[in-house]
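Okay, structure first, notes after.
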Amino acid sequence: MTQFDIESANPRDLHDADDLRRYCEAKASSILSWCAARGMRIACAESLTGGLLADAFVRIPGASRVFLGSAVTYDIRAKAKVLGVDAELLRSHGAVDPEVARQMAMLTAQLFSQPEYRSGVIGLSTTGVAGPGPDGDKPAGLVYIGVSLPQNTYFPTQSSHYALQLDLQGSRDIIRQQTVGCVLENLSQLTGSSQE
């Protein structure tokens with residue numbers, strides 16, 4: 001695929017690791033530029049991606065102007081202890097749940113926020129089943145991504161915290177990489193950075 005084809009592709013349709021990496025690099029670069037120009041920051045909480053989302057950002061030179069860090073909370077107890085996700089929610093629904101993803105995104109934005117960022121931290125999260133098989137009654141490829149947008153000039157409506165469900169297919173590695181691509185695709189649409 002050409003670079004143009006990669007950048008305009010849907011990450012759910014990419015099943016080649018190199019294509020996914022190039023897609024993620026292009027999207028992350030655009031997002032970082034958009035955020036840097038507006039004084040916005042990004043923080044992540046990752047489970048099934050285990051640092052791949054952070055890697056997509058830090059691969060880009062100058063990422064430190066925007067990217068604050070990522071809490072890799074792979075263990076279910078770490079989600080409660082490190083991030084503060086509701087322990088009862090985790091006990092009753094497990095880690096692969098839309099409300100868990102929403103809380104992870106919101107809480108990581110709070111965790112990394114500093115007064116000088118003036119409500120300018122976007123929180124992103126990933127949780128799901130990468131496979132190769134199911135996790136109990138949850139099939140491989142069931143993923144939730146969380147987004148926490150601050151209320152400010154660039155997101156003028158009330159602050160928004162939500163989760164999206166993804167149903168992905170492929171190997172464990174491809175599902176994890178597609179998840180990163182989908183997070184970046186979603187944020188690119190929200191910021192309009194894909195149009196710049």
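Here's how to read the names in the structure tokens: chain A, B, ... by the order shown, residue numbers from 1 in each chain, ligand numbers from 1 in the order shown.
When the distance limit is 9 Å and only C-alpha atoms are what count, the residues near stretch 59-68 of chain A, minus those fewer than 4 positions from it on the same chain, are A:Glu25, A:Ala28, A:Ser29, A:Leu32, A:Ser33, A:Cys35, A:Ala36, A:Gly39, A:Met40, A:Arg41, A:Ile42, A:Ala43, A:Cys44, A:Ala54, A:Asp55, A:Phe112, A:Ser113, A:Val121.
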Which neighbours of A:Ala56 fall inside 12 Å, counting only C-alpha atoms, when residues of the same chain fewer than 5 positions from it are skipped, and could you give them as a PDB file with N, CA and C atoms, in the first residue's frame?
ATOM      1  N   LEU A  20       0.130  -1.344   9.607  1.00  0.00           N
ATOM      2  CA  LEU A  20      -0.431  -0.797  10.843  1.00  0.00           C
ATOM      3  C   LEU A  20       0.544   0.161  11.530  1.00  0.00           C
ATOM      4  N   ARG A  21       1.812  -0.196  11.541  1.00  0.00           N
ATOM      5  CA  ARG A  21       2.823   0.680  12.160  1.00  0.00           C
ATOM      6  C   ARG A  21       2.884   2.014  11.417  1.00  0.00           C
ATOM      7  N   ARG A  22       2.902   1.965  10.083  1.00  0.00           N
ATOM      8  CA  ARG A  22       2.953   3.202   9.297  1.00  0.00           C
ATOM      9  C   ARG A  22       1.685   4.030   9.508  1.00  0.00           C
ATOM     10  N   TYR A  23       0.540   3.372   9.569  1.00  0.00           N
ATOM     11  CA  TYR A  23      -0.720   4.068   9.829  1.00  0.00           C
ATOM     12  C   TYR A  23      -0.654   4.785  11.175  1.00  0.00           C
ATOM     13  N   CYS A  24      -0.224   4.066  12.204  1.00  0.00           N
ATOM     14  CA  CYS A  24      -0.165   4.642  13.555  1.00  0.00           C
ATOM     15  C   CYS A  24       0.832   5.795  13.633  1.00  0.00           C
ATOM     16  N   GLU A  25       1.965   5.661  12.966  1.00  0.00           N
ATOM     17  CA  GLU A  25       2.948   6.750  12.972  1.00  0.00           C
ATOM     18  C   GLU A  25       2.382   8.004  12.320  1.00  0.00           C
ATOM     19  N   ALA A  26       1.689   7.851  11.201  1.00  0.00           N
ATOM     20  CA  ALA A  26       1.117   9.011  10.510  1.00  0.00           C
ATOM     21  C   ALA A  26       0.056   9.686  11.368  1.00  0.00           C
ATOM     22  N   LYS A  27      -0.838   8.897  11.951  1.00  0.00           N
ATOM     23  CA  LYS A  27      -1.898   9.473  12.791  1.00  0.00           C
ATOM     24  C   LYS A  27      -1.317  10.111  14.048  1.00  0.00           C
ATOM     25  N   ALA A  28      -0.389   9.427  14.708  1.00  0.00           N
ATOM     26  CA  ALA A  28       0.201   9.966  15.938  1.00  0.00           C
ATOM     27  C   ALA A  28       0.925  11.275  15.652  1.00  0.00           C
ATOM     28  N   SER A  29       1.643  11.346  14.548  1.00  0.00           N
ATOM     29  CA  SER A  29       2.359  12.571  14.198  1.00  0.00           C
ATOM     30  C   SER A  29       1.392  13.738  14.013  1.00  0.00           C
ATOM     31  N   SER A  30       0.299  13.516  13.304  1.00  0.00           N
ATOM     32  CA  SER A  30      -0.707  14.573  13.093  1.00  0.00           C
ATOM     33  C   SER A  30      -1.347  15.005  14.402  1.00  0.00           C
ATOM     34  N   ILE A  31      -1.672  14.039  15.247  1.00  0.00           N
ATOM     35  CA  ILE A  31      -2.297  14.345  16.540  1.00  0.00           C
ATOM     36  C   ILE A  31      -1.345  15.147  17.419  1.00  0.00           C
ATOM     37  N   LEU A  32      -0.089  14.728  17.473  1.00  0.00           N
ATOM     38  CA  LEU A  32       0.890  15.440  18.297  1.00  0.00           C
ATOM     39  C   LEU A  32       1.070  16.874  17.818  1.00  0.00           C
ATOM     40  N   CYS A  44      -2.156   8.151  28.754  1.00  0.00           N
ATOM     41  CA  CYS A  44      -2.798   6.878  28.404  1.00  0.00           C
ATOM     42  C   CYS A  44      -2.826   5.926  29.594  1.00  0.00           C
ATOM     43  N   THR A  49      -2.971  -3.408  25.170  1.00  0.00           N
ATOM     44  CA  THR A  49      -1.934  -2.885  24.280  1.00  0.00           C
ATOM     45  C   THR A  49      -0.571  -2.832  24.968  1.00  0.00           C
ATOM     46  N   GLY A  50      -0.524  -2.922  26.276  1.00  0.00           N
ATOM     47  CA  GLY A  50       0.727  -3.075  27.017  1.00  0.00           C
ATOM     48  C   GLY A  50       1.851  -2.115  26.653  1.00  0.00           C
ATOM     49  N   GLY A  51       1.541  -0.880  26.324  1.00  0.00           N
ATOM     50  CA  GLY A  51       2.560   0.107  26.000  1.00  0.00           C
ATOM     51  C   GLY A  51       2.645   0.452  24.518  1.00  0.00           C
ATOM     52  N   PRO A  61       9.513  12.193  16.862  1.00  0.00           N
ATOM     53  CA  PRO A  61      10.384  13.201  17.477  1.00  0.00           C
ATOM     54  C   PRO A  61       9.567  14.393  17.992  1.00  0.00           C
ATOM     55  N   ALA A  63       7.683  14.310  20.689  1.00  0.00           N
ATOM     56  CA  ALA A  63       6.480  13.851  21.393  1.00  0.00           C
ATOM     57  C   ALA A  63       6.415  14.358  22.827  1.00  0.00           C
ATOM     58  N   PHE A  67       3.056  14.353  24.906  1.00  0.00           N
ATOM     59  CA  PHE A  67       2.790  13.064  25.544  1.00  0.00           C
ATOM     60  C   PHE A  67       3.356  13.026  26.961  1.00  0.00           C
ATOM     61  N   GLY A  69       2.677  10.391  29.394  1.00  0.00           N
ATOM     62  CA  GLY A  69       3.027   9.056  29.855  1.00  0.00           C
ATOM     63  C   GLY A  69       1.871   8.096  29.720  1.00  0.00           C
ATOM     64  N   SER A  70       2.145   6.855  30.094  1.00  0.00           N
ATOM     65  CA  SER A  70       1.143   5.798  30.018  1.00  0.00           C
ATOM     66  C   SER A  70       1.282   4.883  31.218  1.00  0.00           C
ATOM     67  N   GLN A 177      -2.354  -4.148  17.698  1.00  0.00           N
ATOM     68  CA  GLN A 177      -1.965  -3.023  16.847  1.00  0.00           C
ATOM     69  C   GLN A 177      -3.180  -2.316  16.244  1.00  0.00           C
ATOM     70  N   GLN A 178      -4.205  -3.087  15.862  1.00  0.00           N
ATOM     71  CA  GLN A 178      -5.430  -2.469  15.351  1.00  0.00           C
ATOM     72  C   GLN A 178      -6.086  -1.604  16.432  1.00  0.00           C
ATOM     73  N   THR A 179      -6.016  -2.055  17.682  1.00  0.00           N
ATOM     74  CA  THR A 179      -6.577  -1.273  18.784  1.00  0.00           C
ATOM     75  C   THR A 179      -5.915   0.097  18.850  1.00  0.00           C
ATOM     76  N   VAL A 180      -4.596   0.120  18.777  1.00  0.00           N
ATOM     77  CA  VAL A 180      -3.870   1.391  18.784  1.00  0.00           C
ATOM     78  C   VAL A 180      -4.315   2.246  17.595  1.00  0.00           C
ATOM     79  N   GLY A 181      -4.405   1.632  16.426  1.00  0.00           N
ATOM     80  CA  GLY A 181      -4.857   2.363  15.244  1.00  0.00           C
ATOM     81  C   GLY A 181      -6.243   2.952  15.426  1.00  0.00           C
ATOM     82  N   VAL A 183      -7.717   3.772  18.311  1.00  0.00           N
ATOM     83  CA  VAL A 183      -7.632   4.886  19.272  1.00  0.00           C
ATOM     84  C   VAL A 183      -7.166   6.147  18.540  1.00  0.00           C
ATOM     85  N   LEU A 184      -6.121   6.000  17.736  1.00  0.00           N
ATOM     86  CA  LEU A 184      -5.579   7.149  17.012  1.00  0.00           C
ATOM     87  C   LEU A 184      -6.561   7.667  15.967  1.00  0.00           C
TER      88      LEU A 184
END
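The set of residues in stretch 44-132 of chain A assigned to strand (DSSP E or B) by DSSP, using only backbone atoms of this structure, is Cys44, Ala45, Glu46, Phe67, Leu68, Gly69, Ser70, Ala71, Val72, Val121, Ile122, Gly123, Leu124, Ser125, Thr126, Thr127 and Gly128 of chain A.
The nearest approach to A:Thr126 among the residues A:His15, A:His93, A:Arg77, A:Arg102, with only C-alpha atoms taken into account, belongs to A:Arg102.
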Query raised in the report: Out of A:Ile174, A:Trp34, A:Gln114, A:Tyr144, which residue has the shortest atom-to-atom distance to A:Gln189 when counting only C-alpha atoms?
Result: A:Trp34
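Atom to atom, atom CA of A:Ser119 and atom CA of A:Asn152 stand 6.9 Å apart.
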For A:Glu99, please output as a compact mmCIF listing (two decimals) with N, CA and C atoms, in the first residue's frame all residues within 12 Å (counting only C-alpha atoms; exclusion window: fewer than 3 positions along the same chain).
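As a result, result-v2.txt now contains:
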# COMPACT_ATOMS: atom_id res chain seq x y z
N VAL A 85 -9.71 2.79 39.34
CA VAL A 85 -10.95 2.24 38.75
C VAL A 85 -11.73 1.56 39.87
N ASP A 86 -13.03 1.71 39.84
CA ASP A 86 -13.92 1.16 40.87
C ASP A 86 -13.69 -0.34 41.03
N ALA A 87 -13.22 -0.75 42.20
CA ALA A 87 -12.89 -2.16 42.46
C ALA A 87 -14.12 -3.05 42.36
N GLU A 88 -15.26 -2.56 42.80
CA GLU A 88 -16.49 -3.37 42.73
C GLU A 88 -16.90 -3.58 41.27
N LEU A 89 -16.75 -2.57 40.45
CA LEU A 89 -17.02 -2.70 39.01
C LEU A 89 -16.12 -3.77 38.41
N LEU A 90 -14.85 -3.74 38.75
CA LEU A 90 -13.91 -4.74 38.24
C LEU A 90 -14.28 -6.14 38.71
N SER A 92 -17.31 -7.23 39.57
CA SER A 92 -18.59 -7.68 39.03
C SER A 92 -18.60 -7.82 37.51
N HIS A 93 -17.82 -6.99 36.79
CA HIS A 93 -17.87 -7.01 35.33
C HIS A 93 -16.56 -7.45 34.68
N GLY A 94 -15.49 -7.48 35.44
CA GLY A 94 -14.18 -7.80 34.87
C GLY A 94 -13.57 -6.57 34.22
N ALA A 95 -12.39 -6.75 33.68
CA ALA A 95 -11.65 -5.62 33.10
C ALA A 95 -12.12 -5.25 31.70
N VAL A 96 -12.76 -6.19 31.01
CA VAL A 96 -13.19 -5.94 29.63
C VAL A 96 -14.63 -5.46 29.67
N ARG A 102 -13.89 3.66 30.20
CA ARG A 102 -14.22 5.07 30.43
C ARG A 102 -13.51 5.59 31.66
N GLN A 103 -13.58 4.82 32.76
CA GLN A 103 -12.92 5.24 33.99
C GLN A 103 -11.40 5.29 33.82
N MET A 104 -10.84 4.32 33.12
CA MET A 104 -9.39 4.32 32.89
C MET A 104 -8.95 5.60 32.18
N ALA A 105 -9.68 6.01 31.15
CA ALA A 105 -9.33 7.22 30.41
C ALA A 105 -9.45 8.46 31.29
N MET A 106 -10.55 8.56 32.00
CA MET A 106 -10.78 9.72 32.86
C MET A 106 -9.74 9.81 33.98
N LEU A 107 -9.46 8.66 34.60
CA LEU A 107 -8.55 8.65 35.74
C LEU A 107 -7.10 8.85 35.32
N SER A 125 -7.58 5.21 26.76
CA SER A 125 -7.39 3.91 27.40
C SER A 125 -7.73 2.77 26.46
N THR A 126 -7.17 1.60 26.80
CA THR A 126 -7.45 0.37 26.06
C THR A 126 -7.64 -0.78 27.04
N THR A 127 -8.66 -1.58 26.80
CA THR A 127 -8.85 -2.81 27.56
C THR A 127 -9.60 -3.79 26.66
N TYR A 144 -12.47 -2.46 24.23
CA TYR A 144 -13.07 -1.17 24.54
C TYR A 144 -11.96 -0.14 24.62
N ILE A 145 -12.18 0.98 23.94
CA ILE A 145 -11.25 2.09 24.07
C ILE A 145 -11.98 3.22 24.79
N GLY A 146 -11.27 3.87 25.69
CA GLY A 146 -11.86 4.97 26.45
C GLY A 146 -11.23 6.28 26.04
N VAL A 147 -12.04 7.35 26.12
CA VAL A 147 -11.58 8.69 25.79
C VAL A 147 -12.10 9.65 26.85
N HIS A 161 -16.44 11.93 28.73
CA HIS A 161 -15.74 10.69 29.04
C HIS A 161 -16.60 9.56 28.48
N TYR A 162 -16.06 8.80 27.55
CA TYR A 162 -16.86 7.74 26.94
C TYR A 162 -15.99 6.57 26.51
N ALA A 163 -16.66 5.48 26.13
CA ALA A 163 -15.97 4.29 25.64
C ALA A 163 -16.61 3.85 24.33
N LEU A 164 -15.80 3.26 23.48
CA LEU A 164 -16.26 2.69 22.22
C LEU A 164 -15.91 1.21 22.19
N GLN A 165 -16.82 0.40 21.66
CA GLN A 165 -16.56 -1.03 21.52
C GLN A 165 -16.00 -1.31 20.14
Taking the chain letters and numbering used in this document, name the residues of stretch 13-180 of chain A that DSSP puts in helix (DSSP H, G or I), as an mmCIF file with N, CA and C atoms, in the first residue's frame.
data_model
loop_
_atom_site.group_PDB
_atom_site.id
_atom_site.type_symbol
_atom_site.label_atom_id
_atom_site.label_comp_id
_atom_site.auth_asym_id
_atom_site.auth_seq_id
_atom_site.Cartn_x
_atom_site.Cartn_y
_atom_site.Cartn_z
ATOM 1 N N ASP A 13 -9.244 -2.608 8.878
ATOM 2 C CA ASP A 13 -9.046 -3.335 7.622
ATOM 3 C C ASP A 13 -7.583 -3.648 7.346
ATOM 4 N N ALA A 17 1.396 -5.999 9.826
ATOM 5 C CA ALA A 17 2.022 -5.264 10.937
ATOM 6 C C ALA A 17 2.737 -4.005 10.456
ATOM 7 N N ASP A 18 3.422 -4.069 9.320
ATOM 8 C CA ASP A 18 4.124 -2.885 8.807
ATOM 9 C C ASP A 18 3.144 -1.791 8.393
ATOM 10 N N ASP A 19 2.040 -2.177 7.739
ATOM 11 C CA ASP A 19 1.021 -1.198 7.359
ATOM 12 C C ASP A 19 0.413 -0.544 8.601
ATOM 13 N N LEU A 20 0.130 -1.344 9.607
ATOM 14 C CA LEU A 20 -0.431 -0.797 10.843
ATOM 15 C C LEU A 20 0.544 0.161 11.530
ATOM 16 N N ARG A 21 1.812 -0.196 11.541
ATOM 17 C CA ARG A 21 2.823 0.680 12.160
ATOM 18 C C ARG A 21 2.884 2.014 11.417
ATOM 19 N N ARG A 22 2.902 1.965 10.083
ATOM 20 C CA ARG A 22 2.953 3.202 9.297
ATOM 21 C C ARG A 22 1.685 4.030 9.508
ATOM 22 N N TYR A 23 0.540 3.372 9.569
ATOM 23 C CA TYR A 23 -0.720 4.068 9.829
ATOM 24 C C TYR A 23 -0.654 4.785 11.175
ATOM 25 N N CYS A 24 -0.224 4.066 12.204
ATOM 26 C CA CYS A 24 -0.165 4.642 13.555
ATOM 27 C C CYS A 24 0.832 5.795 13.633
ATOM 28 N N GLU A 25 1.965 5.661 12.966
ATOM 29 C CA GLU A 25 2.948 6.750 12.972
ATOM 30 C C GLU A 25 2.382 8.004 12.320
ATOM 31 N N ALA A 26 1.689 7.851 11.201
ATOM 32 C CA ALA A 26 1.117 9.011 10.510
ATOM 33 C C ALA A 26 0.056 9.686 11.368
ATOM 34 N N LYS A 27 -0.838 8.897 11.951
ATOM 35 C CA LYS A 27 -1.898 9.473 12.791
ATOM 36 C C LYS A 27 -1.317 10.111 14.048
ATOM 37 N N ALA A 28 -0.389 9.427 14.708
ATOM 38 C CA ALA A 28 0.201 9.966 15.938
ATOM 39 C C ALA A 28 0.925 11.275 15.652
ATOM 40 N N SER A 29 1.643 11.346 14.548
ATOM 41 C CA SER A 29 2.359 12.571 14.198
ATOM 42 C C SER A 29 1.392 13.738 14.013
ATOM 43 N N SER A 30 0.299 13.516 13.304
ATOM 44 C CA SER A 30 -0.707 14.573 13.093
ATOM 45 C C SER A 30 -1.347 15.005 14.402
ATOM 46 N N ILE A 31 -1.672 14.039 15.247
ATOM 47 C CA ILE A 31 -2.297 14.345 16.540
ATOM 48 C C ILE A 31 -1.345 15.147 17.419
ATOM 49 N N LEU A 32 -0.089 14.728 17.473
ATOM 50 C CA LEU A 32 0.890 15.440 18.297
ATOM 51 C C LEU A 32 1.070 16.874 17.818
ATOM 52 N N SER A 33 1.112 17.082 16.512
ATOM 53 C CA SER A 33 1.240 18.442 15.970
ATOM 54 C C SER A 33 0.034 19.297 16.348
ATOM 55 N N TRP A 34 -1.164 18.723 16.207
ATOM 56 C CA TRP A 34 -2.395 19.441 16.551
ATOM 57 C C TRP A 34 -2.379 19.825 18.028
ATOM 58 N N CYS A 35 -2.048 18.881 18.886
ATOM 59 C CA CYS A 35 -2.032 19.138 20.329
ATOM 60 C C CYS A 35 -0.957 20.160 20.708
ATOM 61 N N ALA A 36 0.230 20.044 20.125
ATOM 62 C CA ALA A 36 1.321 20.967 20.449
ATOM 63 C C ALA A 36 0.950 22.404 20.098
ATOM 64 N N ALA A 37 0.290 22.585 18.975
ATOM 65 C CA ALA A 37 -0.107 23.927 18.551
ATOM 66 C C ALA A 37 -1.153 24.543 19.473
ATOM 67 N N ARG A 38 -1.819 23.720 20.279
ATOM 68 C CA ARG A 38 -2.902 24.197 21.138
ATOM 69 C C ARG A 38 -2.613 24.028 22.633
ATOM 70 N N LEU A 52 1.909 -0.259 23.667
ATOM 71 C CA LEU A 52 1.956 0.024 22.227
ATOM 72 C C LEU A 52 1.400 1.402 21.882
ATOM 73 N N LEU A 53 0.390 1.838 22.623
ATOM 74 C CA LEU A 53 -0.175 3.167 22.374
ATOM 75 C C LEU A 53 0.866 4.238 22.719
ATOM 76 N N ALA A 54 1.505 4.084 23.860
ATOM 77 C CA ALA A 54 2.584 5.009 24.229
ATOM 78 C C ALA A 54 3.677 4.989 23.172
ATOM 79 N N ASP A 55 4.035 3.811 22.707
ATOM 80 C CA ASP A 55 5.082 3.681 21.693
ATOM 81 C C ASP A 55 4.715 4.415 20.413
ATOM 82 N N ALA A 56 3.447 4.376 20.018
ATOM 83 C CA ALA A 56 3.022 5.072 18.804
ATOM 84 C C ALA A 56 3.313 6.566 18.913
ATOM 85 N N PHE A 57 3.153 7.123 20.104
ATOM 86 C CA PHE A 57 3.440 8.544 20.294
ATOM 87 C C PHE A 57 4.939 8.815 20.414
ATOM 88 N N VAL A 58 5.640 8.045 21.245
ATOM 89 C CA VAL A 58 7.049 8.371 21.506
ATOM 90 C C VAL A 58 7.975 8.047 20.338
ATOM 91 N N ALA A 63 7.683 14.310 20.689
ATOM 92 C CA ALA A 63 6.480 13.851 21.393
ATOM 93 C C ALA A 63 6.415 14.358 22.827
ATOM 94 N N SER A 64 7.563 14.618 23.436
ATOM 95 C CA SER A 64 7.581 15.028 24.847
ATOM 96 C C SER A 64 6.903 16.372 25.080
ATOM 97 N N ARG A 65 6.671 17.153 24.031
ATOM 98 C CA ARG A 65 5.932 18.414 24.192
ATOM 99 C C ARG A 65 4.458 18.155 24.491
ATOM 100 N N ILE A 76 -5.763 -6.772 36.705
ATOM 101 C CA ILE A 76 -7.043 -6.178 37.087
ATOM 102 C C ILE A 76 -6.930 -5.385 38.394
ATOM 103 N N ARG A 77 -6.118 -5.869 39.331
ATOM 104 C CA ARG A 77 -5.952 -5.148 40.599
ATOM 105 C C ARG A 77 -5.184 -3.848 40.409
ATOM 106 N N ALA A 78 -4.288 -3.824 39.446
ATOM 107 C CA ALA A 78 -3.531 -2.599 39.164
ATOM 108 C C ALA A 78 -4.449 -1.498 38.644
ATOM 109 N N LYS A 79 -5.489 -1.878 37.927
ATOM 110 C CA LYS A 79 -6.426 -0.872 37.438
ATOM 111 C C LYS A 79 -7.081 -0.138 38.613
ATOM 112 N N ALA A 80 -7.369 -0.865 39.682
ATOM 113 C CA ALA A 80 -7.954 -0.239 40.873
ATOM 114 C C ALA A 80 -6.896 0.501 41.681
ATOM 115 N N LYS A 81 -5.767 -0.138 41.905
ATOM 116 C CA LYS A 81 -4.728 0.426 42.786
ATOM 117 C C LYS A 81 -4.012 1.620 42.165
ATOM 118 N N VAL A 82 -3.597 1.510 40.916
ATOM 119 C CA VAL A 82 -2.813 2.571 40.274
ATOM 120 C C VAL A 82 -3.712 3.691 39.748
ATOM 121 N N LEU A 83 -4.785 3.310 39.056
ATOM 122 C CA LEU A 83 -5.638 4.316 38.423
ATOM 123 C C LEU A 83 -6.815 4.749 39.287
ATOM 124 N N ALA A 87 -13.224 -0.752 42.198
ATOM 125 C CA ALA A 87 -12.886 -2.158 42.460
ATOM 126 C C ALA A 87 -14.119 -3.054 42.364
ATOM 127 N N GLU A 88 -15.259 -2.562 42.804
ATOM 128 C CA GLU A 88 -16.487 -3.366 42.726
ATOM 129 C C GLU A 88 -16.900 -3.581 41.265
ATOM 130 N N LEU A 89 -16.750 -2.567 40.449
ATOM 131 C CA LEU A 89 -17.021 -2.696 39.013
ATOM 132 C C LEU A 89 -16.118 -3.772 38.411
ATOM 133 N N LEU A 90 -14.850 -3.740 38.749
ATOM 134 C CA LEU A 90 -13.914 -4.739 38.239
ATOM 135 C C LEU A 90 -14.283 -6.144 38.710
ATOM 136 N N ARG A 91 -14.690 -6.284 39.972
ATOM 137 C CA ARG A 91 -15.100 -7.598 40.491
ATOM 138 C C ARG A 91 -16.354 -8.106 39.800
ATOM 139 N N SER A 92 -17.307 -7.231 39.575
ATOM 140 C CA SER A 92 -18.592 -7.676 39.029
ATOM 141 C C SER A 92 -18.602 -7.823 37.506
ATOM 142 N N HIS A 93 -17.825 -6.988 36.794
ATOM 143 C CA HIS A 93 -17.865 -7.014 35.331
ATOM 144 C C HIS A 93 -16.559 -7.449 34.680
ATOM 145 N N PRO A 98 -17.058 -1.548 29.054
ATOM 146 C CA PRO A 98 -17.003 -0.157 28.605
ATOM 147 C C PRO A 98 -16.825 0.846 29.748
ATOM 148 N N GLU A 99 -17.445 0.604 30.884
ATOM 149 C CA GLU A 99 -17.302 1.527 32.010
ATOM 150 C C GLU A 99 -15.881 1.498 32.564
ATOM 151 N N VAL A 100 -15.243 0.337 32.528
ATOM 152 C CA VAL A 100 -13.836 0.242 32.946
ATOM 153 C C VAL A 100 -12.975 1.089 32.012
ATOM 154 N N ALA A 101 -13.191 0.989 30.711
ATOM 155 C CA ALA A 101 -12.422 1.782 29.739
ATOM 156 C C ALA A 101 -12.654 3.270 29.958
ATOM 157 N N ARG A 102 -13.893 3.658 30.201
ATOM 158 C CA ARG A 102 -14.222 5.069 30.426
ATOM 159 C C ARG A 102 -13.508 5.589 31.664
ATOM 160 N N GLN A 103 -13.583 4.818 32.759
ATOM 161 C CA GLN A 103 -12.918 5.240 33.990
ATOM 162 C C GLN A 103 -11.398 5.289 33.817
ATOM 163 N N MET A 104 -10.837 4.316 33.121
ATOM 164 C CA MET A 104 -9.390 4.316 32.890
ATOM 165 C C MET A 104 -8.950 5.600 32.184
ATOM 166 N N ALA A 105 -9.681 6.009 31.148
ATOM 167 C CA ALA A 105 -9.326 7.224 30.409
ATOM 168 C C ALA A 105 -9.450 8.462 31.288
ATOM 169 N N MET A 106 -10.545 8.564 32.002
ATOM 170 C CA MET A 106 -10.784 9.724 32.860
ATOM 171 C C MET A 106 -9.742 9.808 33.976
ATOM 172 N N LEU A 107 -9.461 8.663 34.597
ATOM 173 C CA LEU A 107 -8.549 8.650 35.740
ATOM 174 C C LEU A 107 -7.096 8.847 35.322
ATOM 175 N N THR A 108 -6.718 8.388 34.136
ATOM 176 C CA THR A 108 -5.336 8.628 33.700
ATOM 177 C C THR A 108 -5.130 10.102 33.367
ATOM 178 N N ALA A 109 -6.150 10.760 32.833
ATOM 179 C CA ALA A 109 -6.040 12.209 32.591
ATOM 180 C C ALA A 109 -5.828 12.934 33.916
ATOM 181 N N GLN A 110 -6.550 12.512 34.945
ATOM 182 C CA GLN A 110 -6.381 13.118 36.277
ATOM 183 C C GLN A 110 -5.008 12.784 36.863
ATOM 184 N N LEU A 111 -4.566 11.548 36.707
ATOM 185 C CA LEU A 111 -3.291 11.101 37.256
ATOM 186 C C LEU A 111 -2.119 11.929 36.719
ATOM 187 N N PHE A 112 -2.140 12.214 35.425
ATOM 188 C CA PHE A 112 -1.024 12.915 34.798
ATOM 189 C C PHE A 112 -1.202 14.437 34.764
ATOM 190 N N PRO A 115 -1.271 21.504 37.391
ATOM 191 C CA PRO A 115 -1.928 22.817 37.286
ATOM 192 C C PRO A 115 -1.542 23.607 36.032
ATOM 193 N N GLU A 116 -0.291 23.523 35.622
ATOM 194 C CA GLU A 116 0.140 24.303 34.454
ATOM 195 C C GLU A 116 -0.462 23.802 33.135
ATOM 196 N N TYR A 117 -1.096 22.635 33.130
ATOM 197 C CA TYR A 117 -1.729 22.136 31.907
ATOM 198 C C TYR A 117 -3.133 22.710 31.721
ATOM 199 N N ARG A 172 -3.180 -12.214 17.785
ATOM 200 C CA ARG A 172 -3.030 -11.422 19.010
ATOM 201 C C ARG A 172 -2.299 -10.106 18.716
ATOM 202 N N ASP A 173 -1.195 -10.184 17.988
ATOM 203 C CA ASP A 173 -0.417 -8.979 17.674
ATOM 204 C C ASP A 173 -1.215 -8.007 16.820
ATOM 205 N N ILE A 174 -1.919 -8.511 15.828
ATOM 206 C CA ILE A 174 -2.692 -7.633 14.943
ATOM 207 C C ILE A 174 -3.825 -6.966 15.716
ATOM 208 N N ILE A 175 -4.527 -7.700 16.569
ATOM 209 C CA ILE A 175 -5.604 -7.106 17.376
ATOM 210 C C ILE A 175 -5.054 -5.980 18.253
ATOM 211 N N ARG A 176 -3.905 -6.196 18.851
ATOM 212 C CA ARG A 176 -3.308 -5.161 19.704
ATOM 213 C C ARG A 176 -2.930 -3.931 18.882
ATOM 214 N N GLN A 177 -2.354 -4.148 17.698
ATOM 215 C CA GLN A 177 -1.965 -3.023 16.847
ATOM 216 C C GLN A 177 -3.180 -2.316 16.244
ATOM 217 N N GLN A 178 -4.205 -3.087 15.862
ATOM 218 C CA GLN A 178 -5.430 -2.469 15.351
ATOM 219 C C GLN A 178 -6.086 -1.604 16.432
ATOM 220 N N THR A 179 -6.016 -2.055 17.682
ATOM 221 C CA THR A 179 -6.577 -1.273 18.784
ATOM 222 C C THR A 179 -5.915 0.097 18.850
ATOM 223 N N VAL A 180 -4.596 0.120 18.777
ATOM 224 C CA VAL A 180 -3.870 1.391 18.784
ATOM 225 C C VAL A 180 -4.315 2.246 17.595
#
Report task. Quick one: everything within 7 Å of A:Pro150, counting only C-alpha atoms, minus sequence neighbours fewer than 5 positions away in the same chain. Send it as a ChimeraX atom specification. Result -> /A:119-122,155,159-160
Suppose we keep N, CA and C atoms; can you now write the selection as an mmCIF file, in the first residue's frame?
data_model
loop_
_atom_site.group_PDB
_atom_site.id
_atom_site.type_symbol
_atom_site.label_atom_id
_atom_site.label_comp_id
_atom_site.auth_asym_id
_atom_site.auth_seq_id
_atom_site.Cartn_x
_atom_site.Cartn_y
_atom_site.Cartn_z
ATOM 1 N N SER A 119 -6.368 22.235 32.498
ATOM 2 C CA SER A 119 -7.454 21.404 31.960
ATOM 3 C C SER A 119 -7.231 21.021 30.505
ATOM 4 N N GLY A 120 -6.006 20.723 30.177
ATOM 5 C CA GLY A 120 -5.705 20.397 28.790
ATOM 6 C C GLY A 120 -5.161 19.004 28.582
ATOM 7 N N VAL A 121 -5.597 18.031 29.409
ATOM 8 C CA VAL A 121 -5.090 16.667 29.262
ATOM 9 C C VAL A 121 -6.184 15.762 28.690
ATOM 10 N N ILE A 122 -5.865 15.133 27.567
ATOM 11 C CA ILE A 122 -6.743 14.128 26.952
ATOM 12 C C ILE A 122 -6.330 12.776 27.512
ATOM 13 N N PHE A 155 -12.583 21.771 23.005
ATOM 14 C CA PHE A 155 -13.698 20.852 23.236
ATOM 15 C C PHE A 155 -14.703 21.620 24.089
ATOM 16 N N SER A 159 -17.092 18.576 29.533
ATOM 17 C CA SER A 159 -16.089 17.525 29.404
ATOM 18 C C SER A 159 -16.782 16.203 29.105
ATOM 19 N N SER A 160 -16.109 15.378 28.352
ATOM 20 C CA SER A 160 -16.725 14.155 27.860
ATOM 21 C C SER A 160 -15.832 12.961 28.171
#
